[in-house]
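For reference, final.csv (CSV, C-alpha atoms):
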```
chain,number,residue,atom,x,y,z
A,1,MET,CA,-50.8,-41.0,-15.8
A,2,GLU,CA,-47.1,-40.9,-14.8
A,3,THR,CA,-45.6,-37.7,-13.4
A,4,LEU,CA,-41.9,-37.4,-13.6
A,5,ILE,CA,-39.8,-35.4,-11.1
A,6,THR,CA,-36.7,-34.2,-12.8
A,7,GLY,CA,-33.4,-34.0,-11.0
A,8,LYS,CA,-33.3,-30.2,-11.2
A,9,ALA,CA,-36.8,-29.9,-9.8
A,10,LEU,CA,-35.9,-32.1,-6.9
A,11,ILE,CA,-32.8,-30.1,-6.2
A,12,LEU,CA,-34.7,-26.8,-6.3
A,13,ALA,CA,-37.4,-28.1,-4.0
A,14,CYS,CA,-34.9,-29.4,-1.5
A,15,SER,CA,-32.9,-26.2,-1.7
A,16,ALA,CA,-36.1,-24.2,-0.9
A,17,ILE,CA,-36.6,-26.4,2.1
A,18,GLY,CA,-33.0,-26.0,3.1
A,19,ALA,CA,-33.2,-22.2,2.7
A,20,GLY,CA,-36.2,-22.2,5.0
A,21,LEU,CA,-34.4,-24.3,7.6
A,22,ALA,CA,-31.3,-22.1,7.4
A,23,MET,CA,-33.4,-19.0,8.2
A,24,ILE,CA,-34.2,-20.4,11.6
A,25,ALA,CA,-30.6,-19.4,12.5
A,26,GLY,CA,-31.7,-15.8,12.2
A,27,ILE,CA,-34.2,-16.0,15.1
A,28,GLY,CA,-31.7,-17.0,17.8
A,29,PRO,CA,-29.6,-13.8,17.8
A,30,GLY,CA,-32.8,-11.7,17.8
A,31,ILE,CA,-34.1,-13.4,20.9
A,32,GLY,CA,-30.7,-13.3,22.5
A,33,GLN,CA,-30.1,-9.6,21.8
A,34,GLY,CA,-33.5,-8.7,23.2
A,35,PHE,CA,-32.8,-10.8,26.3
A,36,ALA,CA,-29.4,-9.1,26.8
A,37,ALA,CA,-30.9,-5.7,26.3
A,38,GLY,CA,-33.6,-6.4,28.9
A,39,LYS,CA,-31.0,-7.5,31.4
A,40,GLY,CA,-28.9,-4.5,30.5
A,41,ALA,CA,-31.8,-2.2,31.2
A,42,GLU,CA,-32.2,-3.9,34.6
A,43,ALA,CA,-28.5,-3.5,35.3
A,44,VAL,CA,-28.5,0.2,34.4
A,45,GLY,CA,-31.6,0.6,36.6
A,46,ARG,CA,-29.6,-0.9,39.5
A,47,GLN,CA,-26.3,1.0,38.8
A,48,PRO,CA,-27.0,4.1,36.6
A,49,GLU,CA,-23.4,5.3,37.0
A,50,SER,CA,-22.0,2.4,35.0
A,51,GLN,CA,-24.2,2.8,32.0
A,52,GLY,CA,-21.3,3.4,29.6
A,53,ASP,CA,-19.5,0.2,30.6
A,54,ILE,CA,-22.7,-1.9,30.4
A,55,VAL,CA,-23.7,-0.5,26.9
A,56,ARG,CA,-20.1,-1.0,25.7
A,57,THR,CA,-19.9,-4.6,26.7
A,58,MET,CA,-23.4,-5.3,25.4
A,59,LEU,CA,-22.6,-3.6,22.1
A,60,LEU,CA,-19.5,-5.8,21.5
A,61,GLY,CA,-21.3,-9.0,22.4
A,62,ALA,CA,-24.4,-8.1,20.4
A,63,ALA,CA,-22.3,-7.3,17.3
A,64,VAL,CA,-20.5,-10.6,17.5
A,65,ALA,CA,-23.8,-12.4,18.0
A,66,GLU,CA,-25.4,-10.7,15.0
A,67,THR,CA,-22.9,-12.1,12.5
A,68,THR,CA,-24.0,-15.6,13.5
A,69,GLY,CA,-27.4,-14.8,12.1
A,70,ILE,CA,-25.8,-13.5,8.9
A,71,TYR,CA,-24.2,-17.0,8.2
A,72,GLY,CA,-27.7,-18.6,8.0
A,73,LEU,CA,-28.9,-15.7,5.8
A,74,VAL,CA,-26.0,-16.2,3.4
A,75,ILE,CA,-26.7,-19.9,3.1
A,76,ALA,CA,-30.4,-19.3,2.5
A,77,LEU,CA,-29.9,-16.6,-0.1
A,78,ILE,CA,-27.2,-18.6,-2.0
A,79,LEU,CA,-29.5,-21.7,-2.0
A,80,LEU,CA,-32.3,-19.6,-3.5
A,81,PHE,CA,-30.6,-17.3,-5.9
A,82,ALA,CA,-27.1,-18.7,-6.7
A,83,ASN,CA,-27.6,-22.4,-6.2
A,84,PRO,CA,-24.3,-24.2,-7.0
A,85,LEU,CA,-25.9,-27.6,-6.9
A,86,VAL,CA,-28.1,-27.2,-10.0
A,87,ASN,CA,-25.0,-26.9,-12.3
A,88,MET,CA,-23.7,-30.2,-11.0
A,89,LEU,CA,-26.4,-32.2,-12.8
B,1,MET,CA,-20.5,7.4,27.5
B,2,ASN,CA,-17.0,8.5,26.3
B,3,ALA,CA,-15.8,4.9,26.4
B,4,LEU,CA,-18.7,3.9,24.2
B,5,LYS,CA,-17.8,6.5,21.6
B,6,GLN,CA,-14.1,5.5,21.7
B,7,THR,CA,-15.0,1.9,21.2
B,8,LYS,CA,-17.2,2.7,18.2
B,9,TRP,CA,-14.5,4.7,16.5
B,10,MET,CA,-11.8,2.1,17.3
B,11,VAL,CA,-13.9,-0.6,15.7
B,12,ILE,CA,-14.5,1.6,12.6
B,13,LYS,CA,-10.8,2.5,12.4
B,14,TRP,CA,-9.8,-1.2,12.4
B,15,LEU,CA,-12.6,-2.0,10.0
B,16,VAL,CA,-11.1,0.4,7.5
B,17,ILE,CA,-7.6,-0.9,8.0
B,18,LEU,CA,-8.6,-4.5,7.5
B,19,ASN,CA,-10.6,-3.5,4.5
B,20,LEU,CA,-7.5,-1.9,3.0
B,21,VAL,CA,-5.5,-5.1,3.8
B,22,PHE,CA,-8.0,-7.4,2.1
B,23,VAL,CA,-8.4,-5.1,-0.9
B,24,GLY,CA,-4.6,-5.2,-1.3
B,25,LEU,CA,-4.5,-9.0,-1.0
B,26,GLY,CA,-7.3,-9.2,-3.5
B,27,PHE,CA,-5.4,-7.1,-6.0
B,28,LEU,CA,-2.4,-9.3,-5.5
B,29,PHE,CA,-4.0,-12.8,-5.7
B,30,LEU,CA,-7.4,-12.6,-7.4
B,31,LYS,CA,-8.4,-12.6,-11.0
B,32,GLU,CA,-11.1,-10.0,-10.7
B,33,PRO,CA,-10.0,-7.7,-7.9
B,34,VAL,CA,-12.3,-4.8,-8.6
B,35,ALA,CA,-15.5,-6.8,-8.1
B,36,PHE,CA,-14.0,-8.2,-4.9
B,37,ALA,CA,-13.0,-4.7,-3.7
B,38,LEU,CA,-16.5,-3.4,-4.5
B,39,GLY,CA,-18.1,-6.2,-2.6
B,40,LEU,CA,-15.8,-5.8,0.3
B,41,VAL,CA,-16.5,-2.0,0.5
B,42,PHE,CA,-20.2,-2.5,0.0
B,43,GLY,CA,-20.4,-5.2,2.8
B,44,SER,CA,-18.2,-3.5,5.3
B,45,ALA,CA,-20.0,-0.1,4.8
B,46,ILE,CA,-23.3,-1.7,5.6
B,47,SER,CA,-21.7,-3.6,8.4
B,48,GLY,CA,-20.3,-0.4,9.9
B,49,LEU,CA,-23.7,1.4,9.6
B,50,ASN,CA,-25.4,-1.6,11.3
B,51,PHE,CA,-22.9,-1.4,14.1
B,52,PHE,CA,-23.7,2.3,14.7
B,53,GLU,CA,-27.4,1.5,14.5
B,54,LEU,CA,-26.9,-1.3,17.1
B,55,ALA,CA,-25.0,1.2,19.4
B,56,ASN,CA,-27.9,3.7,19.1
B,57,THR,CA,-30.5,1.0,19.7
B,58,LEU,CA,-28.7,-0.3,22.8
B,59,ASN,CA,-28.1,3.2,24.1
B,60,ARG,CA,-31.9,3.9,23.9
B,61,ALA,CA,-32.8,0.4,25.1
B,62,VAL,CA,-31.1,0.7,28.5
B,63,SER,CA,-33.1,3.7,29.4
B,64,MET,CA,-36.4,1.8,28.8
B,65,PRO,CA,-38.2,-0.6,31.1
B,66,PRO,CA,-36.7,-4.1,30.7
B,67,ASP,CA,-39.7,-5.7,28.9
B,68,LYS,CA,-40.0,-2.8,26.5
B,69,ALA,CA,-36.3,-2.8,25.9
B,70,GLN,CA,-36.4,-6.5,25.0
B,71,GLY,CA,-39.1,-6.0,22.3
B,72,PHE,CA,-37.5,-2.8,21.0
B,73,THR,CA,-34.1,-4.4,20.5
B,74,THR,CA,-35.6,-7.5,18.8
B,75,VAL,CA,-37.6,-5.4,16.4
B,76,LYS,CA,-34.5,-3.3,15.5
B,77,TYR,CA,-32.5,-6.5,15.1
B,78,PHE,CA,-34.9,-7.8,12.5
B,79,ILE,CA,-34.8,-4.4,10.6
B,80,ARG,CA,-31.0,-4.7,10.4
B,81,TYR,CA,-31.4,-8.3,9.4
B,82,ILE,CA,-33.6,-7.3,6.5
B,83,VAL,CA,-31.1,-4.6,5.4
B,84,THR,CA,-28.4,-7.3,5.4
B,85,ALA,CA,-30.6,-9.6,3.4
B,86,VAL,CA,-31.1,-6.9,0.8
B,87,VAL,CA,-27.4,-6.3,0.6
B,88,ILE,CA,-26.5,-9.9,0.1
B,89,TYR,CA,-29.3,-10.3,-2.5
B,90,VAL,CA,-28.1,-7.3,-4.5
B,91,SER,CA,-24.5,-8.6,-4.4
B,92,ILE,CA,-25.7,-12.0,-5.7
B,93,VAL,CA,-27.8,-10.5,-8.5
B,94,ALA,CA,-25.3,-7.8,-9.6
B,95,PRO,CA,-22.6,-9.3,-11.7
B,96,TYR,CA,-20.1,-6.5,-11.0
B,97,ILE,CA,-20.1,-7.2,-7.2
B,98,ASN,CA,-18.3,-10.3,-5.8
B,99,VAL,CA,-20.6,-12.0,-3.3
B,100,LEU,CA,-17.7,-13.5,-1.3
B,101,GLY,CA,-16.3,-10.0,-0.9
B,102,THR,CA,-19.6,-8.8,0.4
B,103,ILE,CA,-19.9,-11.7,2.9
B,104,LEU,CA,-16.3,-11.0,4.1
B,105,GLY,CA,-17.2,-7.3,4.5
B,106,LEU,CA,-20.3,-8.2,6.6
B,107,VAL,CA,-18.4,-10.5,9.0
B,108,ILE,CA,-15.2,-8.5,9.1
B,109,ILE,CA,-16.6,-6.6,12.2
B,110,LYS,CA,-16.6,-9.9,14.1
B,111,ILE,CA,-12.9,-10.3,13.3
B,112,VAL,CA,-12.2,-6.8,14.4
B,113,ILE,CA,-14.1,-7.2,17.7
B,114,LEU,CA,-12.6,-10.6,18.6
B,115,GLY,CA,-9.1,-9.4,17.5
B,116,SER,CA,-9.2,-6.2,19.5
B,117,ASN,CA,-11.0,-7.2,22.6
B,118,LEU,CA,-10.4,-10.9,23.2
B,119,LEU,CA,-7.4,-12.2,21.3
B,120,SER,CA,-5.3,-9.1,22.2
B,121,ASP,CA,-5.5,-10.2,25.9
B,122,LYS,CA,-2.7,-12.5,27.0
B,123,ASN,CA,-4.8,-13.7,29.9
B,124,TYR,CA,-7.4,-15.1,27.5
B,125,PHE,CA,-4.8,-17.6,26.1
B,126,ARG,CA,-3.4,-18.4,29.6
B,127,ASN,CA,-6.9,-19.1,31.0
B,128,ILE,CA,-7.6,-21.7,28.2
B,129,PHE,CA,-5.0,-24.0,29.6
B,130,ARG,CA,-5.5,-23.1,33.3
B,131,ARG,CA,-7.4,-25.8,35.2
B,132,LYS,CA,-10.2,-24.7,37.5
B,133,GLU,CA,-9.1,-27.2,40.1
B,134,ASP,CA,-5.7,-25.5,40.4
B,135,GLU,CA,-7.2,-22.2,41.6
B,136,SER,CA,-7.5,-21.7,45.3
B,137,SER,CA,-11.1,-21.9,46.4
B,138,GLY,CA,-10.6,-19.2,49.0
B,139,GLN,CA,-11.8,-21.4,51.9
```
Give the structure from the file, written as structure tokens.
Amino acid sequence: METLITGKALILACSAIGAGLAMIAGIGPGIGQGFAAGKGAEAVGRQPESQGDIVRTMLLGAAVAETTGIYGLVIALILLFANPLVNML
Amino acid sequence: MNALKQTKWMVIKWLVILNLVFVGLGFLFLKEPVAFALGLVFGSAISGLNFFELANTLNRAVSMPPDKAQGFTTVKYFIRYIVTAVVIYVSIVAPYINVLGTILGLVIIKIVILGSNLLSDKNYFRNIFRRKEDESSGQ
């Protein structure tokens, strides 16, 4: 018995794998933000009077880091729900 | 604490200004400007709320023990991440929202922060071309 894999099925399967791989990008900022917050808590413990400055710097850095995770999320969701490659067949 | 509040409102102010600029550009150059504007407002509203949530999270995290702060911040990050995923999914599924507008709205906060804190500083550009070897070592 011969099973045929159509081009569309192959693209969808590869897109699903690609979406999964793209989601790995979301883990990094989470770990990084947690690490930064832990170090920030240590810094505030050492110098409680500069809490405002520490939180402000950390906030700006964390907000920039967070958008990096969004890029991966966008790629994954577009591959899953609005795949442009299927229409190219 | 006052500096933090000031920074938050400065970012939100520039977010709104850039939003208006992009909506204006959309109305000038795009075929379907309303969908783009809706996406932009949708994305940047969620982005601004995420920024406020991030500020609250970090404010609470610095008063915790370091290992607890680490777990707390990571969990909160993934909650915000899920919210962002829902936003992007809705903008992909809904035909009246432009997904590129939503994505631009979500990353506009990065443009604001880099523009207002890094690229506005002349020393940043000067230091790019300054060689470390030229500086006196102080010995």
Residues of chain A within 7 Å of range 52-70 of chain B: nearest atom pair and distance (Å, one decimal) for each, counting all atoms listed in the file, sorted by chain and number, as CSV?
```
residue,atom,partner,partner_atom,distance
A:Gly34,CA,B:Gln70,CA,4.1
A:Phe35,CA,B:Gln70,CA,5.8
A:Ala37,CA,B:Gln70,CA,5.7
A:Gly38,CA,B:Pro66,CA,4.3
A:Lys39,CA,B:Pro66,CA,6.7
A:Gly40,CA,B:Val62,CA,6.0
A:Ala41,CA,B:Val62,CA,4.0
A:Glu42,CA,B:Pro66,CA,6.0
A:Val44,CA,B:Val62,CA,6.5
A:Val55,CA,B:Asn59,CA,6.4
A:Leu59,CA,B:Ala55,CA,6.0
```
Query - Distance query 12 Å from (-27.1, -9.0, -6.8) using only C-alpha atoms, result as a ChimeraX atom specification - result: /A:77-78,81-82 /B:35,39,42,85-100,102
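A straight line drawn from CA of Val41 in chain B to CA of Gly30 in chain A is 25.7 Å long.
For the pair CA of Leu106 in chain B and CA of Gly43 in chain B, the separation is 4.8 Å.
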Atom pair CA of Leu85 in chain A + CA of Gly7 in chain A, distance 10.7 Å
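Among the candidate residues A:Thr57, A:Thr3, A:Thr67, A:Ser15, the one lying nearest to chain B is A:Thr67, with distances computed using only C-alpha atoms.
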In terms of all atoms listed in the file, the residue from B:Val83, B:Ile109, B:Val23, B:Leu49 at minimal distance from chain A is B:Ile109
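Considering all atoms listed in the file, the residue among A:Ala63, A:Ile17, A:Ala25, A:Leu10 positioned nearest to chain B is A:Ala63.
With all atoms listed in the file as the basis for measurement, B:Val107 is the residue among B:Ile128, B:Val107, B:Leu18, B:Ala45 that approaches Val64 in chain A most closely.
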Could you check which residues have any atom within 9 Å of (-17.1, -9.5, 19.4), counting only C-alpha atoms with coordinates taken straight from the file, and then list them as a count of residues only?
17
Using all atoms listed in the file, the best pick from A:Leu12, A:Val86, A:Ala76, A:Ala43 as closest to Ile24 in chain A would be A:Ala76
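Of the listed residues (B:Phe22, B:Val75, B:Arg80, B:Phe125), B:Phe22 comes nearest to Leu38 in chain B; the distances count only C-alpha atoms.
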(message) Can you pull out the residues contacting Gly72 in chain A? Cut-off 7 Å, using only C-alpha atoms, and skip same-chain residues under 3 positions away; I want them as a list in words.
(response) Ala22, Met23, Ala25, Gly26, Gly69, Ile75 and Ala76 of chain A
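Residues in contact with Gly101 in chain B at 7 Å, where only C-alpha atoms are counted and same-chain residues fewer than 4 positions away are skipped, are listed as Phe36, Ala37, Gly39, Leu40 and Gly105 of chain B.
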Ile11 in chain A: which residues within 12 Å, counting all atoms listed in the file, same-chain residues fewer than 3 positions away excluded, as a short mmCIF file (atom, residue, chain, number, x, y, z; two decimals) with C-alpha atoms, keeping the file's coordinate frame?
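Everything below was put into out_23.cif:
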```
data_model
loop_
_atom_site.label_atom_id
_atom_site.label_comp_id
_atom_site.auth_asym_id
_atom_site.auth_seq_id
_atom_site.Cartn_x
_atom_site.Cartn_y
_atom_site.Cartn_z
CA ILE A 5 -39.80 -35.40 -11.10
CA THR A 6 -36.70 -34.20 -12.80
CA GLY A 7 -33.40 -34.00 -11.00
CA LYS A 8 -33.30 -30.20 -11.20
CA CYS A 14 -34.90 -29.40 -1.50
CA SER A 15 -32.90 -26.20 -1.70
CA ALA A 16 -36.10 -24.20 -0.90
CA ILE A 17 -36.60 -26.40 2.10
CA GLY A 18 -33.00 -26.00 3.10
CA ALA A 19 -33.20 -22.20 2.70
CA LEU A 79 -29.50 -21.70 -2.00
CA LEU A 80 -32.30 -19.60 -3.50
CA ASN A 83 -27.60 -22.40 -6.20
CA PRO A 84 -24.30 -24.20 -7.00
CA LEU A 85 -25.90 -27.60 -6.90
CA VAL A 86 -28.10 -27.20 -10.00
CA ASN A 87 -25.00 -26.90 -12.30
CA MET A 88 -23.70 -30.20 -11.00
CA LEU A 89 -26.40 -32.20 -12.80
#
```
